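Report on the following structure.
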Amino acid sequence: MPSPVAHSLIGLSLGAAWLTPARMAIKEMPKIIWGLRRPLVLCIVAANAPDLDFLPGLLTGDLNAFHQGLTHTVPFVLAVAVVLRYVSRTWPKRRVAQWLFLIGASHLAADLLTVDTREPIGIMGLWPFSREYFTAPFSIFMPLQKQSWADLMRPYNWRVVSVELAWCLPLLLAVFAWKIKNSASLLTRRLPNNTE
Ligand SMILES: [Zn+2]
């Protein structure tokens, strides 16, 4: 699995693509994003929710003890989307549950695209309809070393996070660039009328 850094950036990118206006002037961006902070935080929560299965592992001293089990399934992601749908009644856009489901599903997709060295390989994403473990034919993320809290500070894990930033930050920047470009092209189309 990737770290919460990758999951959060992917969730934030999808949330920003959905929640921000189709066109944003660059100077309006900070104000718009600040105004959307609560729903964007819930997008980050949805993107990380499947990793709640680390919490019971804290009690056993092995963070992986219950990892990539029932919370890494499509029905769990759907349940989280429905719950978060009602946590905030102030969503600025429609199709809330659908987008939250997509953001939650991005967690499963990112996990599938991560090198998995721990048996059973992959995730049982379609449980209870299938007990088959799925994994992608290729990987773009490296796995975190996370047997214990001390492992999390290892230099290897900083390399893992660097790779994640290299993949995921461009995704977020691309979303903002797309919205700014839309805004600029609208301005260009309006200019001839303004000069008449
Ligand atoms: Zn996960």
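Labels used: A, B, ... for chains in the order of the structure tokens, numbers from 1 for residues in each chain, and numbers from 1 for ligands as shown.
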
Worksheet item: Hey, what's within 9 Å of A:Gly104 if we count only C-alpha atoms and toss same-chain stuff fewer than 3 positions away? As a ChimeraX atom specification, please?
Response: /A:11,43,45-50,74,77-78,80-81,99-101,107-108

Resulting file, chosen residues, all heavy atoms, as a tab-separated table (two decimals), in the first residue's frame:
```tsv
chain	number	residue	atom	x	y	z
A	11	GLY	N	-7.03	11.72	-3.41
A	11	GLY	CA	-8.37	12.13	-2.97
A	11	GLY	C	-8.58	13.62	-3.13
A	11	GLY	O	-9.65	14.07	-3.56
A	43	CYS	N	-13.07	14.57	1.57
A	43	CYS	CA	-12.55	13.81	0.43
A	43	CYS	C	-11.27	13.07	0.84
A	43	CYS	O	-11.06	11.91	0.46
A	43	CYS	CB	-12.25	14.73	-0.76
A	43	CYS	SG	-13.73	15.40	-1.52
A	45	VAL	N	-10.54	12.16	3.88
A	45	VAL	CA	-10.98	11.08	4.79
A	45	VAL	C	-11.46	9.88	3.97
A	45	VAL	O	-11.08	8.72	4.25
A	45	VAL	CB	-12.11	11.58	5.73
A	45	VAL	CG1	-12.74	10.43	6.50
A	45	VAL	CG2	-11.55	12.62	6.70
A	46	ALA	N	-12.28	10.13	2.94
A	46	ALA	CA	-12.80	9.03	2.11
A	46	ALA	C	-11.65	8.29	1.43
A	46	ALA	O	-11.67	7.06	1.31
A	46	ALA	CB	-13.76	9.58	1.05
A	47	ALA	N	-10.63	9.03	1.01
A	47	ALA	CA	-9.50	8.41	0.30
A	47	ALA	C	-8.65	7.54	1.21
A	47	ALA	O	-7.96	6.64	0.74
A	47	ALA	CB	-8.64	9.50	-0.35
A	48	ASN	N	-8.67	7.82	2.50
A	48	ASN	CA	-7.83	7.07	3.45
A	48	ASN	C	-8.61	6.05	4.27
A	48	ASN	O	-8.00	5.24	4.99
A	48	ASN	CB	-7.11	8.04	4.40
A	48	ASN	CG	-5.94	8.75	3.73
A	48	ASN	OD1	-4.88	8.16	3.56
A	48	ASN	ND2	-6.14	9.99	3.33
A	49	ALA	N	-9.95	6.10	4.20
A	49	ALA	CA	-10.78	5.29	5.11
A	49	ALA	C	-10.44	3.79	5.10
A	49	ALA	O	-10.44	3.17	6.17
A	49	ALA	CB	-12.25	5.51	4.79
A	50	PRO	N	-10.15	3.16	3.95
A	50	PRO	CA	-9.86	1.73	4.00
A	50	PRO	C	-8.69	1.36	4.93
A	50	PRO	O	-8.65	0.25	5.44
A	50	PRO	CB	-9.56	1.37	2.54
A	50	PRO	CG	-10.39	2.35	1.76
A	50	PRO	CD	-10.27	3.63	2.55
A	74	VAL	N	-15.08	-3.19	-2.13
A	74	VAL	CA	-16.02	-2.23	-2.74
A	74	VAL	C	-17.20	-1.95	-1.80
A	74	VAL	O	-17.58	-0.77	-1.63
A	74	VAL	CB	-16.49	-2.75	-4.12
A	74	VAL	CG1	-17.64	-1.90	-4.65
A	74	VAL	CG2	-15.31	-2.73	-5.09
A	77	VAL	N	-16.16	0.63	0.83
A	77	VAL	CA	-15.99	1.96	0.24
A	77	VAL	C	-17.35	2.61	-0.01
A	77	VAL	O	-17.55	3.81	0.25
A	77	VAL	CB	-15.18	1.84	-1.08
A	77	VAL	CG1	-15.25	3.12	-1.89
A	77	VAL	CG2	-13.73	1.48	-0.77
A	78	LEU	N	-18.30	1.80	-0.45
A	78	LEU	CA	-19.67	2.30	-0.68
A	78	LEU	C	-20.29	2.77	0.64
A	78	LEU	O	-20.91	3.84	0.71
A	78	LEU	CB	-20.50	1.18	-1.32
A	78	LEU	CG	-21.88	1.56	-1.83
A	78	LEU	CD1	-21.80	2.66	-2.88
A	78	LEU	CD2	-22.56	0.32	-2.41
A	80	VAL	N	-18.77	3.80	3.35
A	80	VAL	CA	-18.11	5.05	3.79
A	80	VAL	C	-18.68	6.23	3.01
A	80	VAL	O	-18.96	7.30	3.59
A	80	VAL	CB	-16.58	4.95	3.60
A	80	VAL	CG1	-15.92	6.31	3.79
A	80	VAL	CG2	-15.99	3.94	4.57
A	81	ALA	N	-18.88	6.06	1.71
A	81	ALA	CA	-19.41	7.15	0.88
A	81	ALA	C	-20.79	7.57	1.36
A	81	ALA	O	-21.09	8.76	1.46
A	81	ALA	CB	-19.46	6.71	-0.59
A	99	TRP	N	-19.36	10.60	-6.06
A	99	TRP	CA	-17.98	11.10	-6.06
A	99	TRP	C	-17.19	10.55	-4.88
A	99	TRP	O	-16.01	10.20	-5.02
A	99	TRP	CB	-17.97	12.64	-6.07
A	99	TRP	CG	-17.99	13.17	-7.47
A	99	TRP	CD1	-19.09	13.52	-8.19
A	99	TRP	CD2	-16.88	13.37	-8.34
A	99	TRP	NE1	-18.74	13.95	-9.44
A	99	TRP	CE2	-17.38	13.87	-9.56
A	99	TRP	CE3	-15.50	13.20	-8.20
A	99	TRP	CZ2	-16.54	14.18	-10.63
A	99	TRP	CZ3	-14.67	13.51	-9.29
A	99	TRP	CH2	-15.20	14.00	-10.48
A	100	LEU	N	-17.84	10.48	-3.71
A	100	LEU	CA	-17.13	9.94	-2.55
A	100	LEU	C	-16.79	8.46	-2.77
A	100	LEU	O	-15.75	7.98	-2.34
A	100	LEU	CB	-17.97	10.12	-1.28
A	100	LEU	CG	-18.08	11.57	-0.79
A	100	LEU	CD1	-19.05	11.66	0.39
A	100	LEU	CD2	-16.71	12.11	-0.39
A	101	PHE	N	-17.68	7.75	-3.45
A	101	PHE	CA	-17.39	6.35	-3.78
A	101	PHE	C	-16.17	6.27	-4.71
A	101	PHE	O	-15.27	5.46	-4.52
A	101	PHE	CB	-18.60	5.69	-4.42
A	101	PHE	CG	-18.31	4.30	-4.92
A	101	PHE	CD1	-18.17	3.24	-4.04
A	101	PHE	CD2	-18.13	4.06	-6.28
A	101	PHE	CE1	-17.87	1.97	-4.49
A	101	PHE	CE2	-17.83	2.79	-6.74
A	101	PHE	CZ	-17.70	1.74	-5.84
A	107	HIS	N	-8.55	4.59	-3.50
A	107	HIS	CA	-7.65	3.95	-2.52
A	107	HIS	C	-7.36	2.51	-2.95
A	107	HIS	O	-6.21	2.07	-2.93
A	107	HIS	CB	-8.30	3.98	-1.13
A	107	HIS	CG	-7.43	3.40	-0.07
A	107	HIS	ND1	-6.87	4.15	0.92
A	107	HIS	CD2	-6.98	2.12	0.13
A	107	HIS	CE1	-6.13	3.38	1.69
A	107	HIS	NE2	-6.18	2.13	1.24
A	108	LEU	N	-8.43	1.80	-3.34
A	108	LEU	CA	-8.25	0.40	-3.75
A	108	LEU	C	-7.36	0.34	-4.99
A	108	LEU	O	-6.47	-0.52	-5.10
A	108	LEU	CB	-9.60	-0.26	-4.03
A	108	LEU	CG	-10.64	-0.20	-2.88
A	108	LEU	CD1	-11.87	-1.02	-3.26
A	108	LEU	CD2	-10.05	-0.69	-1.57
```

Could you give me, as a Markdown table, a per-residue list for chain A showing, wherever an atom lies at most 10 Å from an atom of ligand 1, the closest pair of atoms and their distance in Å to one decimal, using only C-alpha atoms and all ligand atoms and sorting by chain then residue number from low to high?
```
| residue | atom | partner | partner_atom_place_in_ligand_line | distance |
| --- | --- | --- | --- | --- |
| A:Met1 | CA | ligand 1 | 1 (Zn) | 5.3 |
| A:Pro2 | CA | ligand 1 | 1 (Zn) | 7.2 |
| A:Ser3 | CA | ligand 1 | 1 (Zn) | 8.4 |
| A:Pro4 | CA | ligand 1 | 1 (Zn) | 8.8 |
| A:His7 | CA | ligand 1 | 1 (Zn) | 8.5 |
| A:Ala47 | CA | ligand 1 | 1 (Zn) | 9.3 |
| A:Asn48 | CA | ligand 1 | 1 (Zn) | 7.4 |
| A:Ala49 | CA | ligand 1 | 1 (Zn) | 8.2 |
| A:Pro50 | CA | ligand 1 | 1 (Zn) | 5.5 |
| A:Asp51 | CA | ligand 1 | 1 (Zn) | 4.8 |
| A:Leu52 | CA | ligand 1 | 1 (Zn) | 8.5 |
| A:Asp53 | CA | ligand 1 | 1 (Zn) | 8.4 |
| A:Phe54 | CA | ligand 1 | 1 (Zn) | 9.1 |
| A:His67 | CA | ligand 1 | 1 (Zn) | 7.5 |
| A:Gln68 | CA | ligand 1 | 1 (Zn) | 6.1 |
| A:Gly69 | CA | ligand 1 | 1 (Zn) | 9.2 |
| A:Thr71 | CA | ligand 1 | 1 (Zn) | 8.2 |
| A:His72 | CA | ligand 1 | 1 (Zn) | 6.4 |
| A:Thr73 | CA | ligand 1 | 1 (Zn) | 9.9 |
| A:Ser106 | CA | ligand 1 | 1 (Zn) | 9.9 |
| A:His107 | CA | ligand 1 | 1 (Zn) | 6.2 |
| A:Leu108 | CA | ligand 1 | 1 (Zn) | 6.5 |
| A:Ala109 | CA | ligand 1 | 1 (Zn) | 9.2 |
| A:Ala110 | CA | ligand 1 | 1 (Zn) | 7.9 |
| A:Asp111 | CA | ligand 1 | 1 (Zn) | 5.6 |
| A:Leu112 | CA | ligand 1 | 1 (Zn) | 8.9 |
| A:Thr114 | CA | ligand 1 | 1 (Zn) | 9.7 |
| A:Ile123 | CA | ligand 1 | 1 (Zn) | 8.9 |
```

Using only C-alpha atoms, which protein or nucleic acid residues come within 7 Å of stretch 85-93 of chain A? Drop anything in the same chain fewer than 3 positions from it, and give the result as a short mmCIF file (atom, residue, chain, number, x, y, z; two decimals) with N, CA, C and O atoms, in the first residue's frame.
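Result file around_36.cif:
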```cif
data_model
loop_
_atom_site.label_atom_id
_atom_site.label_comp_id
_atom_site.auth_asym_id
_atom_site.auth_seq_id
_atom_site.Cartn_x
_atom_site.Cartn_y
_atom_site.Cartn_z
N LEU A 19 -15.22 19.61 -6.94
CA LEU A 19 -15.83 20.66 -6.12
C LEU A 19 -15.52 22.08 -6.57
O LEU A 19 -16.33 22.98 -6.37
N PRO A 39 -15.40 20.20 2.85
CA PRO A 39 -15.63 19.07 1.95
C PRO A 39 -14.34 18.46 1.41
O PRO A 39 -14.26 17.24 1.21
N ALA A 81 -18.88 6.06 1.71
CA ALA A 81 -19.41 7.15 0.88
C ALA A 81 -20.79 7.57 1.36
O ALA A 81 -21.09 8.76 1.46
N VAL A 82 -21.62 6.58 1.69
CA VAL A 82 -22.99 6.89 2.15
C VAL A 82 -22.95 7.61 3.50
O VAL A 82 -23.65 8.59 3.72
N VAL A 96 -22.99 13.57 -4.55
CA VAL A 96 -21.99 13.47 -3.48
C VAL A 96 -21.57 12.02 -3.26
O VAL A 96 -20.36 11.71 -3.23
N ALA A 97 -22.55 11.12 -3.09
CA ALA A 97 -22.20 9.73 -2.77
C ALA A 97 -21.39 9.11 -3.91
O ALA A 97 -20.43 8.36 -3.67
#
```

Fill in: Closest of A:Ala22, A:Leu63, A:Val163, A:Ile32 to A:Asp151 - atom-to-atom distances counting only C-alpha atoms
A:Leu63

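The residue that comes closest to A:Thr117, out of A:Trp18, A:Arg38, A:Pro143, A:Ser148 and on the basis of only C-alpha atoms, is A:Pro143.
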
Item to complete: Find the residue from A:Met153, A:Ile121, A:Leu59, A:Leu102 that sits nearest to A:Ile10; use only C-alpha atoms when measuring.
Response: A:Leu102

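With distances taken over only C-alpha atoms, A:Leu42 is the one residue among A:Ile180, A:Val161, A:Leu42, A:Gly15 lying closest to A:Val83.
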
Practice prompt. Just the helix (DSSP H, G or I) stuff from stretch 115-196 of chain A, please, per backbone DSSP, written as a ChimeraX atom specification.
Written response: /A:150-153,155-195

Nearby residues (only C-alpha atoms) at most 12 Å from A:Ile33, same-chain spacing under 3 positions excluded, as an mmCIF file with N, CA and C atoms, in the first residue's frame:
```cif
data_model
loop_
_atom_site.group_PDB
_atom_site.id
_atom_site.type_symbol
_atom_site.label_atom_id
_atom_site.label_comp_id
_atom_site.auth_asym_id
_atom_site.auth_seq_id
_atom_site.Cartn_x
_atom_site.Cartn_y
_atom_site.Cartn_z
ATOM 1 N N LEU A 12 -7.550 14.384 -2.827
ATOM 2 C CA LEU A 12 -7.627 15.845 -2.957
ATOM 3 C C LEU A 12 -7.756 16.250 -4.430
ATOM 4 N N SER A 13 -7.032 15.556 -5.302
ATOM 5 C CA SER A 13 -7.105 15.872 -6.738
ATOM 6 C C SER A 13 -8.515 15.615 -7.274
ATOM 7 N N GLY A 15 -11.249 15.403 -5.473
ATOM 8 C CA GLY A 15 -12.154 16.332 -4.798
ATOM 9 C C GLY A 15 -12.089 17.725 -5.413
ATOM 10 N N ALA A 16 -10.879 18.177 -5.730
ATOM 11 C CA ALA A 16 -10.728 19.508 -6.328
ATOM 12 C C ALA A 16 -11.331 19.545 -7.733
ATOM 13 N N ALA A 17 -11.152 18.447 -8.495
ATOM 14 C CA ALA A 17 -11.724 18.394 -9.848
ATOM 15 C C ALA A 17 -13.249 18.494 -9.781
ATOM 16 N N LEU A 19 -15.217 19.608 -6.935
ATOM 17 C CA LEU A 19 -15.828 20.659 -6.118
ATOM 18 C C LEU A 19 -15.522 22.078 -6.573
ATOM 19 N N THR A 20 -14.348 22.288 -7.161
ATOM 20 C CA THR A 20 -14.024 23.665 -7.548
ATOM 21 C C THR A 20 -14.781 24.023 -8.828
ATOM 22 N N PRO A 21 -15.020 25.319 -9.055
ATOM 23 C CA PRO A 21 -15.741 25.734 -10.268
ATOM 24 C C PRO A 21 -14.996 25.291 -11.528
ATOM 25 N N MET A 24 -11.491 28.846 -12.915
ATOM 26 C CA MET A 24 -10.967 29.558 -11.756
ATOM 27 C C MET A 24 -9.825 30.457 -12.197
ATOM 28 N N ILE A 26 -6.519 32.447 -11.420
ATOM 29 C CA ILE A 26 -5.463 32.042 -10.485
ATOM 30 C C ILE A 26 -5.533 32.842 -9.184
ATOM 31 N N LYS A 27 -5.934 34.123 -9.271
ATOM 32 C CA LYS A 27 -5.969 34.946 -8.045
ATOM 33 C C LYS A 27 -7.159 34.579 -7.150
ATOM 34 N N GLU A 28 -8.166 33.904 -7.719
ATOM 35 C CA GLU A 28 -9.332 33.498 -6.908
ATOM 36 C C GLU A 28 -9.100 32.175 -6.178
ATOM 37 N N MET A 29 -8.079 31.439 -6.633
ATOM 38 C CA MET A 29 -7.903 30.065 -6.145
ATOM 39 C C MET A 29 -7.797 29.929 -4.628
ATOM 40 N N PRO A 30 -6.921 30.710 -3.952
ATOM 41 C CA PRO A 30 -6.803 30.518 -2.495
ATOM 42 C C PRO A 30 -8.134 30.691 -1.770
ATOM 43 N N LEU A 36 -13.738 25.791 0.434
ATOM 44 C CA LEU A 36 -14.097 24.371 0.250
ATOM 45 C C LEU A 36 -13.352 23.457 1.217
ATOM 46 N N ARG A 37 -12.717 24.031 2.238
ATOM 47 C CA ARG A 37 -11.811 23.217 3.071
ATOM 48 C C ARG A 37 -12.515 22.039 3.735
ATOM 49 N N ARG A 38 -13.740 22.244 4.220
ATOM 50 C CA ARG A 38 -14.397 21.134 4.928
ATOM 51 C C ARG A 38 -14.723 19.975 3.987
ATOM 52 N N PRO A 39 -15.397 20.203 2.851
ATOM 53 C CA PRO A 39 -15.626 19.068 1.948
ATOM 54 C C PRO A 39 -14.337 18.457 1.409
ATOM 55 N N LEU A 40 -13.297 19.277 1.216
ATOM 56 C CA LEU A 40 -12.036 18.704 0.723
ATOM 57 C C LEU A 40 -11.396 17.798 1.779
ATOM 58 N N VAL A 41 -11.532 18.177 3.057
ATOM 59 C CA VAL A 41 -11.017 17.306 4.123
ATOM 60 C C VAL A 41 -11.791 15.992 4.135
ATOM 61 N N PHE A 176 -5.644 21.887 -11.152
ATOM 62 C CA PHE A 176 -5.709 23.348 -11.035
ATOM 63 C C PHE A 176 -5.348 24.015 -12.366
#
```
